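Listing of upload12.cif; format and content: mmCIF, C-alpha atoms.
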data_coords
#
loop_
_atom_site.label_atom_id
_atom_site.label_comp_id
_atom_site.auth_asym_id
_atom_site.auth_seq_id
_atom_site.Cartn_x
_atom_site.Cartn_y
_atom_site.Cartn_z
CA MET A 26 89.63 -65.74 210.25
CA GLU A 27 85.96 -66.40 209.62
CA LEU A 28 83.97 -68.63 211.96
CA LEU A 29 83.64 -71.47 209.44
CA GLU A 30 87.34 -71.41 208.68
CA ARG A 31 88.20 -71.52 212.36
CA PHE A 32 85.77 -74.43 212.78
CA ALA A 33 87.33 -76.31 209.85
CA ALA A 34 90.74 -75.71 211.41
CA GLY A 35 89.54 -77.48 214.55
CA GLU A 36 88.99 -74.57 216.91
CA LEU A 37 86.63 -75.69 219.70
CA GLU A 38 85.34 -72.15 220.37
CA ALA A 39 84.28 -71.83 216.73
CA PHE A 40 82.51 -75.18 216.95
CA GLU A 41 80.72 -74.02 220.08
CA ALA A 42 79.58 -70.84 218.34
CA LEU A 43 78.24 -72.85 215.40
CA PHE A 44 76.59 -75.32 217.75
CA ARG A 45 74.78 -72.55 219.59
CA GLN A 46 73.71 -70.92 216.33
CA HIS A 47 72.31 -74.09 214.78
CA GLN A 48 71.27 -76.45 217.58
CA HIS A 49 67.64 -75.25 217.65
CA GLU A 50 67.17 -75.61 213.92
CA VAL A 51 68.84 -79.03 213.82
CA TYR A 52 66.69 -80.21 216.75
CA ARG A 53 63.50 -78.91 215.11
CA TRP A 54 64.32 -80.79 211.92
CA ILE A 55 65.13 -84.03 213.72
CA VAL A 56 62.14 -83.99 216.06
CA ARG A 57 59.84 -83.67 213.06
CA ILE A 58 61.30 -86.89 211.70
CA VAL A 59 61.62 -89.01 214.84
CA ARG A 60 58.75 -87.39 216.80
CA ASP A 61 60.37 -88.03 220.16
CA SER A 62 61.91 -85.10 222.04
CA GLY A 63 64.40 -87.21 224.04
CA ALA A 64 65.65 -89.06 220.97
CA ALA A 65 65.78 -85.79 219.04
CA GLU A 66 68.03 -84.21 221.69
CA ASP A 67 70.38 -87.20 221.59
CA LEU A 68 70.37 -87.14 217.79
CA THR A 69 71.11 -83.41 217.75
CA VAL A 70 74.24 -84.09 219.80
CA GLU A 71 75.07 -87.07 217.57
CA THR A 72 74.65 -84.86 214.48
CA PHE A 73 77.07 -82.25 215.81
CA TRP A 74 79.49 -84.96 216.87
CA ARG A 75 79.49 -86.22 213.26
CA ILE A 76 79.91 -82.63 212.08
CA TYR A 77 82.84 -82.11 214.44
CA ARG A 78 84.58 -85.28 213.30
CA ALA A 79 84.04 -84.41 209.62
CA ARG A 80 85.15 -80.78 209.94
CA GLN A 81 88.24 -81.33 207.81
CA ARG A 82 86.04 -82.36 204.89
CA PHE A 83 83.99 -79.15 205.14
CA ASP A 84 85.02 -76.45 202.70
CA PRO A 85 84.29 -73.08 204.36
CA ALA A 86 84.65 -71.22 201.06
CA ALA A 87 82.20 -73.31 199.05
CA GLY A 88 80.17 -74.92 201.78
CA ASN A 89 76.76 -74.09 203.11
CA PHE A 90 76.96 -75.12 206.77
CA ARG A 91 73.19 -75.09 207.29
CA ALA A 92 72.53 -77.45 204.38
CA TRP A 93 75.45 -79.67 205.39
CA ALA A 94 74.20 -79.87 208.98
CA ARG A 95 70.68 -80.69 207.81
CA ARG A 96 72.00 -83.47 205.58
CA ILE A 97 73.94 -85.00 208.46
CA ALA A 98 70.94 -84.58 210.79
CA THR A 99 68.72 -86.38 208.27
CA ASN A 100 71.19 -89.28 208.07
CA ALA A 101 71.37 -89.50 211.86
CA ALA A 102 67.56 -89.51 212.11
CA LEU A 103 67.34 -92.14 209.38
CA ASP A 104 69.82 -94.35 211.25
CA HIS A 105 67.66 -93.94 214.33
CA LEU A 106 64.50 -94.95 212.43
CA ARG A 107 66.33 -97.98 210.98
CA HIS A 108 67.38 -99.23 214.38
CA ALA A 109 64.46 -98.15 216.49
CA HIS A 110 61.37 -98.49 214.37
CA LYS A 111 60.75 -102.15 215.13
CA GLU A 112 61.66 -101.94 218.78
CA THR A 113 59.91 -98.85 220.05
CA GLU A 114 56.55 -97.24 219.77
CA LEU A 115 56.37 -93.55 219.10
CA SER A 116 56.83 -91.42 222.15
CA GLU A 117 53.74 -89.89 223.68
CA ASP A 118 55.40 -86.46 223.54
CA TYR A 119 53.23 -85.51 220.66
CA PRO A 120 49.98 -87.49 220.87
CA ALA A 121 47.20 -87.08 218.36
CA ALA A 122 44.47 -84.67 219.34
CA PRO A 123 41.68 -86.62 221.05
CA LYS A 124 38.67 -86.99 218.88
CA GLY A 125 35.21 -88.46 219.27
CA ASP A 126 35.93 -91.33 216.91
CA SER A 127 33.46 -93.88 215.73
CA VAL A 128 34.59 -97.48 216.33
CA VAL A 129 35.52 -97.94 212.66
CA ARG A 130 37.44 -94.69 212.48
CA GLY A 131 39.18 -95.39 215.77
CA GLU A 132 40.25 -98.78 214.44
CA LEU A 133 41.39 -97.22 211.19
CA ARG A 134 43.54 -94.71 213.08
CA GLY A 135 45.11 -97.43 215.23
CA GLN A 136 45.90 -99.59 212.22
CA LEU A 137 47.19 -96.61 210.30
CA ARG A 138 49.56 -95.79 213.18
CA ARG A 139 50.85 -99.34 213.27
CA ALA A 140 51.17 -99.53 209.48
CA PHE A 141 53.06 -96.24 209.44
CA LEU A 142 55.50 -97.42 212.10
CA GLU A 143 56.13 -100.58 210.08
CA LEU A 144 57.14 -98.69 206.94
CA PRO A 145 60.80 -99.19 206.01
CA ALA A 146 62.85 -96.31 207.41
CA LYS A 147 63.62 -94.62 204.08
CA TYR A 148 59.90 -94.51 203.20
CA ARG A 149 58.91 -93.40 206.67
CA LEU A 150 61.40 -90.54 206.45
CA VAL A 151 59.97 -89.09 203.24
CA ALA A 152 56.37 -89.89 204.19
CA THR A 153 56.77 -88.07 207.50
CA LEU A 154 58.34 -85.01 205.93
CA ALA A 155 56.11 -84.86 202.85
CA LEU A 156 52.72 -86.04 204.12
CA ILE A 157 52.73 -85.00 207.76
CA GLU A 158 55.08 -82.02 207.83
CA ASP A 159 54.19 -80.71 204.36
CA GLN A 160 57.81 -80.13 203.41
CA PRO A 161 58.44 -79.42 199.71
CA TYR A 162 59.94 -82.33 197.78
CA ASN A 163 63.05 -80.37 196.80
CA GLU A 164 63.84 -79.58 200.44
CA ILE A 165 63.41 -83.23 201.41
CA ALA A 166 65.58 -84.23 198.47
CA GLU A 167 68.36 -81.88 199.48
CA ALA A 168 68.27 -83.04 203.10
CA ALA A 169 68.20 -86.73 202.20
CA GLY A 170 70.79 -86.46 199.44
CA ILE A 171 68.48 -87.86 196.77
CA SER A 172 66.65 -86.38 193.79
CA ALA A 173 63.22 -84.77 194.07
CA ALA A 174 61.96 -87.39 191.59
CA LEU A 175 63.08 -90.16 193.95
CA VAL A 176 61.34 -88.42 196.85
CA LYS A 177 58.14 -88.41 194.79
CA VAL A 178 58.55 -92.11 194.00
CA ARG A 179 59.12 -92.95 197.67
CA VAL A 180 56.08 -90.95 198.76
CA PHE A 181 54.00 -92.74 196.13
CA ARG A 182 55.26 -96.13 197.30
CA ALA A 183 54.70 -95.27 200.95
CA VAL A 184 51.11 -94.29 200.18
CA ARG A 185 50.64 -97.52 198.26
CA MET A 186 52.13 -99.61 201.08
CA LEU A 187 49.91 -97.94 203.66
CA ARG A 188 46.77 -98.38 201.57
CA LYS A 189 47.64 -101.99 200.86
CA LYS A 190 48.16 -102.67 204.54
CA LEU A 191 44.90 -101.01 205.49
CA SER A 192 42.88 -102.74 202.80
CA SER A 193 44.39 -106.12 203.77
CA LEU A 194 43.00 -105.45 207.23
CA GLY A 195 39.60 -104.71 205.72
CA LEU A 196 39.95 -100.99 206.30
CA GLU A 197 39.96 -98.34 203.63
CA ALA A 198 41.93 -95.13 204.02
CA ALA A 199 38.97 -93.37 202.52
CA ALA A 200 36.70 -94.49 205.33
CA LYS A 201 34.87 -91.46 206.60
CA MET B 6 39.30 -91.32 186.80
CA SER B 7 42.89 -91.33 185.50
CA ASN B 8 45.63 -93.03 187.54
CA GLU B 9 47.30 -89.70 188.24
CA VAL B 10 44.09 -88.21 189.66
CA LYS B 11 43.41 -91.39 191.63
CA ASN B 12 46.93 -91.34 193.11
CA GLN B 13 46.55 -87.71 194.09
CA GLN B 14 43.22 -88.52 195.72
CA HIS B 15 44.76 -91.41 197.70
CA GLU B 16 47.65 -89.23 198.78
CA LYS B 17 45.28 -86.48 199.90
CA GLU B 18 43.17 -88.89 201.95
CA LEU B 19 46.19 -90.45 203.62
CA ARG B 20 47.74 -87.05 204.27
CA ALA B 21 44.60 -85.98 206.17
CA LEU B 22 44.50 -89.22 208.16
CA LEU B 23 48.21 -89.12 209.00
CA GLN B 24 48.04 -85.50 210.06
CA SER B 25 45.16 -86.26 212.40
CA GLU B 26 47.12 -89.16 213.92
CA PHE B 27 50.53 -87.45 213.95
CA PRO B 28 50.09 -83.69 214.33
CA PRO B 29 52.72 -81.67 212.41
CA LEU B 30 55.50 -80.34 214.65
CA GLN B 31 56.53 -77.12 212.92
CA ASN B 32 56.52 -75.31 216.25
CA ALA B 33 58.41 -77.87 218.35
CA SER B 34 61.26 -76.20 220.14
CA LEU B 35 64.34 -77.23 222.04
CA GLN B 36 63.81 -76.68 225.76
CA ARG B 37 67.44 -76.55 226.89
CA ASP B 38 70.94 -75.81 225.73
CA LEU B 39 72.63 -79.01 224.57
CA TRP B 40 76.17 -77.61 224.56
CA PRO B 41 77.16 -79.13 227.97
CA GLN B 42 76.11 -82.56 226.65
CA MET B 43 78.02 -81.92 223.43
CA LEU B 44 81.13 -80.85 225.28
CA CYS B 45 81.04 -84.03 227.41
CA ARG B 46 80.85 -86.04 224.19
CA VAL B 47 83.77 -84.20 222.62
CA GLU B 48 85.90 -84.59 225.75
CA ALA B 49 84.91 -88.19 226.46
CA GLN B 50 85.52 -89.51 222.99
CA PRO B 51 88.87 -88.43 221.67
CA GLU B 52 89.09 -88.70 217.95
CA PRO B 53 90.60 -91.89 216.57
CA LEU B 54 94.31 -91.60 215.94
CA ARG B 55 94.92 -90.67 212.32
CA VAL B 56 97.88 -92.39 210.71
CA PRO B 57 99.26 -90.52 207.68
CA TRP B 58 99.25 -92.51 204.44
CA PHE B 59 103.04 -92.45 204.10
CA ASP B 60 103.38 -94.21 207.48
CA TRP B 61 101.24 -97.04 206.12
CA VAL B 62 103.41 -97.19 203.00
CA LEU B 63 106.56 -97.31 205.13
CA ALA B 64 105.14 -100.07 207.33
CA ALA B 65 104.09 -102.07 204.25
CA ALA B 66 107.57 -101.65 202.74
CA VAL B 67 109.24 -102.90 205.95
CA VAL B 68 106.92 -105.95 206.12
CA ALA B 69 107.54 -106.70 202.43
CA ALA B 70 111.31 -106.38 202.91
CA LEU B 71 111.25 -108.74 205.89
CA LEU B 72 109.19 -111.27 203.95
CA LEU B 73 111.56 -111.09 200.98
CA PHE B 74 114.72 -111.15 203.07
CA PRO B 75 113.97 -113.15 206.24
CA ASN B 76 117.68 -113.47 206.93
CA ALA B 77 117.70 -109.77 207.70
CA ILE B 78 115.41 -110.25 210.72
CA PRO B 79 118.16 -111.30 213.20
CA ALA B 80 120.34 -108.42 212.00
CA LEU B 81 117.46 -106.02 212.45
CA LEU B 82 116.69 -107.37 215.92
CA TYR B 83 120.37 -107.07 216.84
CA GLN B 84 120.26 -103.40 215.82
CA LEU B 85 117.20 -102.83 218.01
#
Would you encode the structure as structure tokens?
Amino acid sequence: MELLERFAAGELEAFEALFRQHQHEVYRWIVRIVRDSGAAEDLTVETFWRIYRARQRFDPAAGNFRAWARRIATNAALDHLRHAHKETELSEDYPAAPKGDSVVRGELRGQLRRAFLELPAKYRLVATLALIEDQPYNEIAEAAGISAALVKVRVFRAVRMLRKKLSSLGLEAAAK
Amino acid sequence: MSNEVKNQQHEKELRALLQSEFPPLQNASLQRDLWPQMLCRVEAQPEPLRVPWFDWVLAAAVVAALLLFPNAIPALLYQL
């Protein structure tokens, strides 16, 4: 029996093999969304726990495990952003490169960071993947389970929200 | 400047600012094997008991029968 079939049948060894094959990729995807290595590790385990529980719904003949895992990972990361974005600051795992900022630019960066963290989770998800990680819209769409057109709309709205926030603070995103 | 061009310009500016504040993480990598943690989770949280649909139907039928024929309850209890 193939690995995916054995996994769908509930064989723990098959699940372990799939876990070991895909854990790095799932982690990499999640850490790019949540930007916190500790949370990303927990969410990787959470993702595979959801996968394990849903194994009976996975069709080994028709299914693409990688795409399915990425979809579940995106949902887990989105749940994390929904519950954590107001309570926690971003981890300092991945700080911005230090730069010799002017006072205005330094203030702009600080406000931008705060405004970004205050974006609703579904906008922050697409903004992170599209604007920071340069992921193609169709890949984001597939992972988030929405259309590419909706991804484009959400990116547009996220940009508008960020600009509005910055201009209400007397700062322009275009400030050089 | 058309709206489309203006929007693209805004997006480009914000993209540059965001990438300077939040560096892209294409090369982030997992530093350890998470399988032991996963295995603990699997072992610690047994799956919820799944009740087949026909058991629910049977239970509903018994409850309905007892509601319709309450006089049958003592007889049923006697049989138990």
- Point (81.2, -87.1, 221.1) neighbourhood (10 Å, all atoms listed in the file) written as a ChimeraX atom specification: /A:70-75,77-78 /B:42-52
- Ground truth for the PyMOL selection byres ((chain B) within 7 of (chain A)), written as a PyMOL selection string: chain B and resi 16+18-20+23-30+33-35+43
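With only C-alpha atoms as the atoms that count, the minimum distance from Glu27 (chain A) to the choices A:His47, A:Arg80, A:Glu164, A:Ala86 is reached by A:Ala86.
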- Tell me which protein, DNA and RNA residues are within 12 Å of Ile171 (chain A), counting only C-alpha atoms, leaving out same-chain ones fewer than 6 positions away, and put them as an MDAnalysis selection string. chainID A and resid 96 99:100 147 151 162:165 177:179
- Task: List, as a ChimeraX atom specification, every residue that the PyMOL selection byres ((chain A and resi 33) around 7) selects in the file provided.
- Result: /A:29-32,34-35,80-81,83
